[in-house]
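Worksheet: the structure to be examined is printed underneath.
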Amino acid sequence: MSNSRYDAAFYVQALDKFVKTGECAADSKEPLYAYLLSVMNEPMIKIQVLSDDICARIFYDTMIQFIQLNLEKEKYNLQKSQSERNEMKLVLEWSIKKRKDGWQALMQQISDKYQEYGFDQRFYRSQFGTEGKYADDEVWEKMVDDWEEAFQQKMQDQKEKEIEFRKDALERRLRSNLKDIPEYIRQKQIDKDEFFQAWGLMSGMWNTVDFERIRKIVRIQREHPEIVKVANKMGRIADDEGQDQIYVSEGDVYKLEHASKCDILGITVGNDLNALLPIELAHCADSELEDLFVYKYLTRKLQTFRYKSEIMQPARRLETKPARQKGPMIVCLDTSGSMGGKPEKIAHSLLIKLLEIADRQQRDCFLIAFSVSIHPIDVRKERARLLEFFSRTACGDTDATRMMEATFRLLQSRKEYMNADVLWVSDFKIPHVPTALTDKIREYREADTHFYGLQIGIAENEWAPFFDRIFKAEYTPSRRY
């Protein structure tokens with residue numbers, strides 16, 4: 001049997017549904033999914049996951065790591081057996097003479113490997129030897145089909161043994177994590193957002209030493225709120241979340257008559273745009289508060305007048321348009337000598353926040369560190385490499401040429417990557433680059449790629465015309481982290 005349906009996305013969707021609703025299938029014959037269901041159907045696991053979002057995240061990340069490990073092992077086993085699968089195809093092309101001379105050796109080869117998996121070599125020995133049906137294409141093809149089925153059964157059996165070998169260690173770690181981590185968070189009074197960010201970099205492997213080391217970097221965000229602002233802009237938070245993107249667009253304008261006292265019944269909350277309080281209209285018009293306005297609209301928490309007449313006429317409307325799939329977040333981090341020390345820590349804190357958002361939104365996230373050379377990192381897939389990167393010290397000169405070339409190659413690699421959010425994190429003491437490269441930035445911006453910057457420190461910045469927006473994070477050199 002083929003398990004092509006059970007790819008990584010399938011398991012992720014099953015986990016997503018479970019942590020949101022507690023729903024999961026009752027049974028499955030596919031080994032990895034069957035085991036996943038057995039864990040999800042445990043009453044105590046279900047209670048913890050549905051009642052505590054920290055437990056839900058712990059469960060999700062721990063199981064994702066287990067799934068990835070098993071899928072990688074399965075992929076390795078399939079690659080290792082690829083030569084045998086190729087041999088099956090070649091056997092179908094054997095000439096009649098080659099079948100006559102080689103069927104006995106072939107039967108012995110298959111029997112040695114697959115007799116316990118249901119391959120009936122006696123039937124085919126009888127067919128080929130006594131009746132000479134090796135020349136019958138239909139019988140020969142059935143033999144190869146049975147060989148393929150026995151092969152799949154062996155792979156299935158191997159998969160079950162791999163899961164059985166690892167599941168005890170997983171269950172011990174899962175039980176320990178679900179007990180120890182929430183208790184540690186309560187004792188230390190750790191902010192939930194800080195936990196999610198630090199835990200997201202630990203790949204499901206809990207230890208307090210690494211957690212506190214990462215958390216120390218996360219807490220820099222308290223002193224530099226610009227970090228969160230930049231991350232939210234990159235993540236398009238409260239902008240196009242969900243299936244549809246919401247736009248506020250002007251319609252016919254009417255002169256609003258003032259409602260009389262008998263018309264206004266009071267103040268309530270909702271999302272009626274025709275009854276907004278003036279303060280909410282101000283939020284809507286302020287670019288800095290627009291995200292908050294849209295969030296409050298989505299959650300029906302806008303402050304509105306409660307009235308009984310219909311004298312207020314529509315002045316604006318909401319249009320719902322299909323949201324474009326978010327492209328990746330691409331972070332270009334200056335690692336030259338001038339970024340050493342505090343700027344480096346600010347940049348690392350931003351990267352941790354962006355990783356948490358990328359995980360939540362299931363978006364690709366790439367880091368291109370640049371000084372003289374570039375070091376691309378697929379942040380979500382290479383968390384250990386990211387942690388290793390944090391231990392390095394910034395050094396070298398600033399050269400944006402190769403970084404920009406690497407960014408453009410990445411944007412061109414997949415069609416949907418054109419709808420990306422690119423962020424430069426630097427002190428922006430960056431020498432000029434060839435005009436062809438800055439022209440490329442303009443081209444990509446016209447094609448819906450967004451370019452943002454976080455300038456750390458105070459310096460002359462001649463790059464502003466090439467960016468949608470450049471945020472600034474100032475710091476006091478004497479401050480220690």
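Each chain of the structure tokens is named A, B, ... in the order shown, its residues numbered from 1; ligands are numbered from 1 in display order.
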So that I can check the surroundings of A:Glu160, please list as a short mmCIF file (atom, residue, chain, number, x, y, z; two decimals) with all heavy atoms, in the first residue's frame every protein, DNA and RNA residue that reaches within 10 Å of it, counting only C-alpha atoms and ignoring chain neighbours fewer than 2 positions away.
```
data_model
loop_
_atom_site.label_atom_id
_atom_site.label_comp_id
_atom_site.auth_asym_id
_atom_site.auth_seq_id
_atom_site.Cartn_x
_atom_site.Cartn_y
_atom_site.Cartn_z
N GLU A 30 -2.32 3.49 9.16
CA GLU A 30 -0.98 4.01 8.88
C GLU A 30 -0.24 4.17 10.21
O GLU A 30 -0.75 4.82 11.13
CB GLU A 30 -1.10 5.36 8.15
CG GLU A 30 0.19 5.83 7.50
CD GLU A 30 1.12 6.52 8.48
OE1 GLU A 30 0.63 7.21 9.39
OE2 GLU A 30 2.35 6.35 8.34
N PRO A 31 0.95 3.57 10.37
CA PRO A 31 1.58 3.47 11.70
C PRO A 31 1.79 4.78 12.43
O PRO A 31 1.45 4.90 13.62
CB PRO A 31 2.92 2.79 11.38
CG PRO A 31 2.70 2.05 10.11
CD PRO A 31 1.71 2.87 9.33
N LEU A 32 2.36 5.79 11.77
CA LEU A 32 2.68 7.03 12.46
C LEU A 32 1.41 7.77 12.85
O LEU A 32 1.30 8.30 13.97
CB LEU A 32 3.58 7.91 11.58
CG LEU A 32 4.07 9.21 12.21
CD1 LEU A 32 4.77 8.96 13.54
CD2 LEU A 32 5.01 9.95 11.25
N ALA A 34 -1.53 6.40 13.29
CA ALA A 34 -2.20 5.59 14.31
C ALA A 34 -1.61 5.89 15.69
O ALA A 34 -2.34 6.01 16.68
CB ALA A 34 -2.05 4.10 13.99
N TYR A 35 -0.29 6.01 15.76
CA TYR A 35 0.33 6.32 17.05
C TYR A 35 -0.03 7.74 17.50
O TYR A 35 -0.34 7.97 18.68
CB TYR A 35 1.85 6.17 16.98
CG TYR A 35 2.51 6.58 18.26
CD1 TYR A 35 2.32 5.84 19.42
CD2 TYR A 35 3.28 7.74 18.33
CE1 TYR A 35 2.87 6.23 20.62
CE2 TYR A 35 3.84 8.14 19.53
CZ TYR A 35 3.64 7.39 20.68
OH TYR A 35 4.19 7.79 21.86
N ASN A 70 10.67 10.72 12.54
CA ASN A 70 10.21 9.49 11.89
C ASN A 70 10.11 9.64 10.38
O ASN A 70 10.42 8.70 9.64
CB ASN A 70 8.87 9.06 12.48
CG ASN A 70 9.02 8.35 13.81
OD1 ASN A 70 9.28 7.15 13.86
ND2 ASN A 70 8.89 9.10 14.89
N LYS A 154 6.91 -4.59 4.02
CA LYS A 154 8.14 -4.58 4.81
C LYS A 154 8.47 -3.17 5.27
O LYS A 154 8.89 -2.96 6.42
CB LYS A 154 9.30 -5.15 3.99
CG LYS A 154 10.60 -5.25 4.79
CD LYS A 154 11.73 -5.84 3.97
CE LYS A 154 13.01 -5.90 4.81
NZ LYS A 154 14.15 -6.45 4.04
N MET A 155 8.29 -2.17 4.39
CA MET A 155 8.54 -0.78 4.77
C MET A 155 7.59 -0.35 5.89
O MET A 155 7.99 0.36 6.82
CB MET A 155 8.36 0.13 3.55
CG MET A 155 9.35 -0.10 2.42
SD MET A 155 11.07 0.17 2.90
CE MET A 155 11.07 1.93 3.19
N GLN A 156 6.35 -0.80 5.79
CA GLN A 156 5.36 -0.50 6.83
C GLN A 156 5.78 -1.10 8.17
O GLN A 156 5.71 -0.46 9.21
CB GLN A 156 3.99 -1.07 6.40
CG GLN A 156 2.84 -0.66 7.29
CD GLN A 156 2.16 0.58 6.77
OE1 GLN A 156 2.78 1.42 6.14
NE2 GLN A 156 0.87 0.70 7.03
N ASP A 157 6.22 -2.35 8.11
CA ASP A 157 6.66 -3.04 9.31
C ASP A 157 7.88 -2.35 9.93
O ASP A 157 7.99 -2.20 11.15
CB ASP A 157 7.00 -4.50 8.96
CG ASP A 157 7.30 -5.33 10.20
OD1 ASP A 157 6.45 -5.36 11.10
OD2 ASP A 157 8.38 -5.94 10.26
N GLN A 158 8.78 -1.92 9.07
CA GLN A 158 9.98 -1.21 9.52
C GLN A 158 9.60 0.11 10.20
O GLN A 158 10.18 0.49 11.22
CB GLN A 158 10.90 -0.96 8.33
CG GLN A 158 12.31 -0.56 8.69
CD GLN A 158 13.21 -0.55 7.46
OE1 GLN A 158 12.76 -0.68 6.32
NE2 GLN A 158 14.50 -0.39 7.70
N GLU A 162 10.31 1.36 14.06
CA GLU A 162 10.98 2.62 14.37
C GLU A 162 10.17 3.41 15.40
O GLU A 162 10.73 3.99 16.33
CB GLU A 162 11.16 3.46 13.10
CG GLU A 162 12.08 2.87 12.06
CD GLU A 162 13.55 3.07 12.40
OE1 GLU A 162 13.83 3.77 13.40
OE2 GLU A 162 14.40 2.51 11.69
N ILE A 163 8.85 3.45 15.22
CA ILE A 163 7.98 4.16 16.15
C ILE A 163 8.00 3.51 17.52
O ILE A 163 8.12 4.19 18.55
CB ILE A 163 6.54 4.23 15.59
CG1 ILE A 163 6.50 5.08 14.33
CG2 ILE A 163 5.57 4.77 16.64
CD1 ILE A 163 5.22 4.98 13.55
N GLU A 164 7.93 2.18 17.52
CA GLU A 164 7.96 1.44 18.78
C GLU A 164 9.26 1.69 19.53
O GLU A 164 9.27 1.83 20.76
CB GLU A 164 7.80 -0.06 18.49
CG GLU A 164 7.55 -0.92 19.71
CD GLU A 164 6.20 -0.67 20.37
OE1 GLU A 164 5.25 -0.27 19.66
OE2 GLU A 164 6.11 -0.85 21.60
N PHE A 165 10.34 1.79 18.80
CA PHE A 165 11.67 2.01 19.40
C PHE A 165 11.76 3.38 20.07
O PHE A 165 12.42 3.53 21.11
CB PHE A 165 12.74 1.87 18.31
CG PHE A 165 14.13 2.16 18.78
CD1 PHE A 165 14.81 1.25 19.58
CD2 PHE A 165 14.77 3.34 18.42
CE1 PHE A 165 16.10 1.52 20.01
CE2 PHE A 165 16.06 3.62 18.85
CZ PHE A 165 16.72 2.70 19.65
#
```
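All residues of protein, DNA or RNA that reach within 12 Å of A:Ser111, judged by only C-alpha atoms and not counting those fewer than 3 positions away in the chain, are Trp103, Gln104, Ala105, Leu106, Met107, Gln108, Tyr114, Gln115, Glu116, Tyr117, Gly118, Phe119, Asp120, Gln121, Arg122, Phe123, Tyr124, Arg125, Met143, Asp146, Trp147, Ala150 and Phe151 of chain A.
Here atom CA of A:Asn41 and atom CA of A:Lys17 stand 13.1 Å from one another.
Picture a line from atom CA of A:Asp193 to atom CA of A:Val218; it runs 9.4 Å.
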Quick one: everything within 8 Å of stretch 80-95 of chain A, counting only C-alpha atoms, minus sequence neighbours fewer than 6 positions away in the same chain. Send it as a CSV table (one decimal) with N, CA and C atoms, in the first residue's frame.
```csv
chain,number,residue,atom,x,y,z
A,140,TRP,N,3.7,-12.5,-15.4
A,140,TRP,CA,5.0,-11.8,-15.0
A,140,TRP,C,4.8,-10.5,-14.3
A,141,GLU,N,3.8,-9.7,-14.8
A,141,GLU,CA,3.5,-8.4,-14.2
A,141,GLU,C,2.9,-8.6,-12.8
A,144,VAL,N,5.6,-9.1,-10.3
A,144,VAL,CA,6.2,-7.9,-9.9
A,144,VAL,C,5.3,-7.1,-9.0
A,148,GLU,N,6.2,-5.8,-5.3
A,148,GLU,CA,6.0,-4.4,-4.8
A,148,GLU,C,5.2,-4.4,-3.5
```
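Proximity of A:Lys167, A:Asn419, A:Arg409, A:Phe293 to A:Lys440, computed with only C-alpha atoms, is greatest for A:Arg409.
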Item to check | Contact residues around A:His224 with only C-alpha atoms at 9 Å, ignoring same-chain residues under 2 positions, as a PyMOL selection string | outcome: chain A and resi 220-222+226-228+346+473-475
Tell me, as a short mmCIF file (atom, residue, chain, number, x, y, z; two decimals) with C-alpha atoms, in the first residue's frame, which residues lie within 12 Å of A:Phe195, counting only C-alpha atoms; anything in the same chain fewer than 5 positions away does not count.
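Output contents, as saved in result-v2.cif:
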```cif
data_model
loop_
_atom_site.label_atom_id
_atom_site.label_comp_id
_atom_site.auth_asym_id
_atom_site.auth_seq_id
_atom_site.Cartn_x
_atom_site.Cartn_y
_atom_site.Cartn_z
CA ASP A 53 -2.43 27.14 25.58
CA ILE A 54 1.06 26.65 27.03
CA CYS A 55 0.41 22.90 27.32
CA ARG A 57 2.17 24.54 22.46
CA ILE A 58 4.37 22.09 24.39
CA ILE A 181 7.33 23.50 32.21
CA PRO A 182 3.97 25.00 33.34
CA TYR A 184 8.42 26.39 36.21
CA ILE A 185 6.56 29.21 34.44
CA ARG A 186 4.24 29.68 37.43
CA LYS A 188 9.19 32.16 38.00
CA GLN A 189 6.12 34.21 36.92
CA ILE A 190 7.30 34.15 33.32
CA GLY A 200 10.25 28.17 20.03
CA LEU A 201 14.02 28.14 19.67
CA MET A 202 14.50 24.97 21.74
CA TRP A 206 13.49 21.53 27.53
CA THR A 208 16.23 25.58 32.16
CA PHE A 211 15.71 28.54 28.29
CA GLU A 212 16.98 31.29 30.60
CA ARG A 213 19.83 32.12 28.23
CA ILE A 214 17.37 32.63 25.36
CA ARG A 215 14.83 34.37 27.60
CA LYS A 216 17.48 36.94 28.55
CA ILE A 217 17.74 37.87 24.86
CA VAL A 218 13.94 37.96 24.49
CA ARG A 219 13.60 40.41 27.41
CA ILE A 352 13.61 35.18 18.04
CA LYS A 353 10.39 37.22 17.82
CA GLU A 356 7.77 32.84 16.83
#
```
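Considering only C-alpha atoms, the residue among A:Thr304, A:Ser28, A:Ser38, A:Ser203 positioned nearest to A:Ile267 is A:Thr304.
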Item to check | Coordinates-based distance that separates atom CA of A:Val49 from atom CA of A:Cys24 (Å, one decimal) | outcome: 13.0 Å
Item to check | Residues of stretch 31-277 of chain A in strand (DSSP E), written as a list of chain:residue names | outcome: A:Asp244, A:Gln245, A:Ile246, A:Tyr247, A:Val248, A:Ser249, A:Glu250, A:Ile264, A:Leu265, A:Gly266, A:Ile267, A:Thr268, A:Val269, A:Gly270
Requested write-out: N, CA, C and O atoms of the selected residues, as a PDB file, in the first residue's frame:
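Written file, out25.pdb:
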```pdb
ATOM      1  N   ASP A 244      -9.478  35.968   4.611  1.00  0.00           N
ATOM      2  CA  ASP A 244      -9.752  37.168   3.832  1.00  0.00           C
ATOM      3  C   ASP A 244      -8.989  38.358   4.384  1.00  0.00           C
ATOM      4  O   ASP A 244      -8.736  38.446   5.575  1.00  0.00           O
ATOM      5  N   GLN A 245      -8.631  39.250   3.508  1.00  0.00           N
ATOM      6  CA  GLN A 245      -7.985  40.495   3.911  1.00  0.00           C
ATOM      7  C   GLN A 245      -9.044  41.581   3.948  1.00  0.00           C
ATOM      8  O   GLN A 245      -9.909  41.655   3.087  1.00  0.00           O
ATOM      9  N   ILE A 246      -8.992  42.430   4.963  1.00  0.00           N
ATOM     10  CA  ILE A 246     -10.012  43.468   5.124  1.00  0.00           C
ATOM     11  C   ILE A 246      -9.434  44.822   4.747  1.00  0.00           C
ATOM     12  O   ILE A 246      -8.366  45.201   5.193  1.00  0.00           O
ATOM     13  N   TYR A 247     -10.130  45.516   3.910  1.00  0.00           N
ATOM     14  CA  TYR A 247      -9.743  46.860   3.502  1.00  0.00           C
ATOM     15  C   TYR A 247     -10.838  47.824   3.934  1.00  0.00           C
ATOM     16  O   TYR A 247     -12.015  47.502   3.897  1.00  0.00           O
ATOM     17  N   VAL A 248     -10.478  49.023   4.353  1.00  0.00           N
ATOM     18  CA  VAL A 248     -11.462  50.081   4.581  1.00  0.00           C
ATOM     19  C   VAL A 248     -11.380  51.006   3.392  1.00  0.00           C
ATOM     20  O   VAL A 248     -10.329  51.562   3.100  1.00  0.00           O
ATOM     21  N   SER A 249     -12.468  51.131   2.659  1.00  0.00           N
ATOM     22  CA  SER A 249     -12.436  51.970   1.464  1.00  0.00           C
ATOM     23  C   SER A 249     -13.566  52.987   1.520  1.00  0.00           C
ATOM     24  O   SER A 249     -14.626  52.717   2.073  1.00  0.00           O
ATOM     25  N   GLU A 250     -13.321  54.146   0.979  1.00  0.00           N
ATOM     26  CA  GLU A 250     -14.320  55.212   0.995  1.00  0.00           C
ATOM     27  C   GLU A 250     -15.421  54.924  -0.014  1.00  0.00           C
ATOM     28  O   GLU A 250     -15.171  54.458  -1.112  1.00  0.00           O
ATOM     29  N   ILE A 264     -30.017  58.388  20.386  1.00  0.00           N
ATOM     30  CA  ILE A 264     -28.866  57.711  20.988  1.00  0.00           C
ATOM     31  C   ILE A 264     -29.304  57.040  22.277  1.00  0.00           C
ATOM     32  O   ILE A 264     -29.746  57.685  23.220  1.00  0.00           O
ATOM     33  N   LEU A 265     -29.150  55.712  22.297  1.00  0.00           N
ATOM     34  CA  LEU A 265     -29.558  54.947  23.474  1.00  0.00           C
ATOM     35  C   LEU A 265     -28.401  54.717  24.431  1.00  0.00           C
ATOM     36  O   LEU A 265     -28.612  54.360  25.581  1.00  0.00           O
ATOM     37  N   GLY A 266     -27.159  54.893  23.947  1.00  0.00           N
ATOM     38  CA  GLY A 266     -26.001  54.658  24.807  1.00  0.00           C
ATOM     39  C   GLY A 266     -24.791  54.285  23.971  1.00  0.00           C
ATOM     40  O   GLY A 266     -24.738  54.552  22.762  1.00  0.00           O
ATOM     41  N   ILE A 267     -23.802  53.646  24.614  1.00  0.00           N
ATOM     42  CA  ILE A 267     -22.571  53.218  23.945  1.00  0.00           C
ATOM     43  C   ILE A 267     -22.424  51.721  24.124  1.00  0.00           C
ATOM     44  O   ILE A 267     -22.692  51.175  25.197  1.00  0.00           O
ATOM     45  N   THR A 268     -21.990  51.056  23.064  1.00  0.00           N
ATOM     46  CA  THR A 268     -21.807  49.615  23.100  1.00  0.00           C
ATOM     47  C   THR A 268     -20.534  49.258  22.339  1.00  0.00           C
ATOM     48  O   THR A 268     -19.759  50.147  21.977  1.00  0.00           O
ATOM     49  N   VAL A 269     -20.284  47.976  22.126  1.00  0.00           N
ATOM     50  CA  VAL A 269     -19.146  47.545  21.307  1.00  0.00           C
ATOM     51  C   VAL A 269     -19.662  46.662  20.175  1.00  0.00           C
ATOM     52  O   VAL A 269     -20.683  45.986  20.318  1.00  0.00           O
ATOM     53  N   GLY A 270     -18.961  46.697  19.072  1.00  0.00           N
ATOM     54  CA  GLY A 270     -19.352  45.911  17.902  1.00  0.00           C
ATOM     55  C   GLY A 270     -18.463  46.262  16.731  1.00  0.00           C
ATOM     56  O   GLY A 270     -17.335  46.712  16.913  1.00  0.00           O
TER      57      GLY A 270
END
```
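Proximity to A:Ile430 was assessed for A:Glu382, A:Asp145, A:Asp334, A:Asp112 counting only C-alpha atoms; the smallest distance is recorded for A:Asp334.
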Item to check | Nearby residues (only C-alpha atoms) at most 8 Å from A:Ile64, same-chain spacing under 4 positions excluded, as JSON, numbers by chain | outcome: {"A": [12, 60, 68]}
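Remark: for A:Ser426, the closest of the candidate residues A:Glu344, A:Asp191, A:Asp439, A:Glu405 is A:Glu344 (distances computed over only C-alpha atoms).
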Next on the checklist: With DSSP run on the backbone, what are the helix (DSSP H, G or I) residues within stretch 2-194 of chain A? I'd like them as a PyMOL selection string.
Outcome noted: chain A and resi 8-21+31-40+43-51+53-80+82-92+96-117+121-130+133-135+137-188+192-194
Next on the checklist: Considering only C-alpha atoms, can you say which of A:Ala275, A:Ala198, A:Ala459, A:Ala8 comes closest to A:Asp210?
Outcome noted: A:Ala198
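Residue neighbourhood of A:Tyr11, excluding near-sequence residues (fewer than 2 positions): Tyr6, Asp7, Ala8, Ala9, Gln13, Ala14, Leu15, Asp16, Tyr33, Leu36, Ile64 and Ile67 of chain A, at 9 Å, using only C-alpha atoms.
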Now that the selection is made, can you save its residues with N, CA and C atoms as a short mmCIF file (atom, residue, chain, number, x, y, z; two decimals), in the first residue's frame?
```
data_model
loop_
_atom_site.label_atom_id
_atom_site.label_comp_id
_atom_site.auth_asym_id
_atom_site.auth_seq_id
_atom_site.Cartn_x
_atom_site.Cartn_y
_atom_site.Cartn_z
N TYR A 6 0.19 10.55 3.38
CA TYR A 6 0.66 10.92 4.71
C TYR A 6 2.00 11.64 4.63
N ASP A 7 1.97 12.87 4.15
CA ASP A 7 3.19 13.67 4.11
C ASP A 7 3.22 14.57 5.34
N ALA A 8 4.26 15.39 5.46
CA ALA A 8 4.42 16.23 6.64
C ALA A 8 3.21 17.15 6.84
N ALA A 9 2.69 17.70 5.74
CA ALA A 9 1.55 18.63 5.84
C ALA A 9 0.33 17.95 6.44
N GLN A 13 -1.56 19.35 9.79
CA GLN A 13 -2.98 19.71 9.78
C GLN A 13 -3.75 18.96 10.86
N ALA A 14 -3.38 17.68 11.07
CA ALA A 14 -4.04 16.88 12.11
C ALA A 14 -3.76 17.47 13.50
N LEU A 15 -2.52 17.86 13.73
CA LEU A 15 -2.15 18.47 15.01
C LEU A 15 -2.82 19.83 15.19
N ASP A 16 -2.84 20.63 14.13
CA ASP A 16 -3.49 21.94 14.19
C ASP A 16 -4.96 21.80 14.62
N TYR A 33 0.44 7.82 11.95
CA TYR A 33 -0.82 8.50 12.26
C TYR A 33 -1.58 7.74 13.34
N LEU A 36 0.00 8.68 16.57
CA LEU A 36 -0.37 10.06 16.90
C LEU A 36 -1.79 10.11 17.46
N ILE A 64 5.56 17.41 16.90
CA ILE A 64 6.10 17.78 15.59
C ILE A 64 7.53 17.27 15.45
N ILE A 67 7.40 13.55 14.85
CA ILE A 67 6.94 13.26 13.48
C ILE A 67 8.06 13.51 12.48
#
```
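If only C-alpha atoms are the atoms counted, then among A:Thr407, A:Ser336, A:Ser391, A:Gln197 the closest residue to A:Leu354 is A:Gln197.
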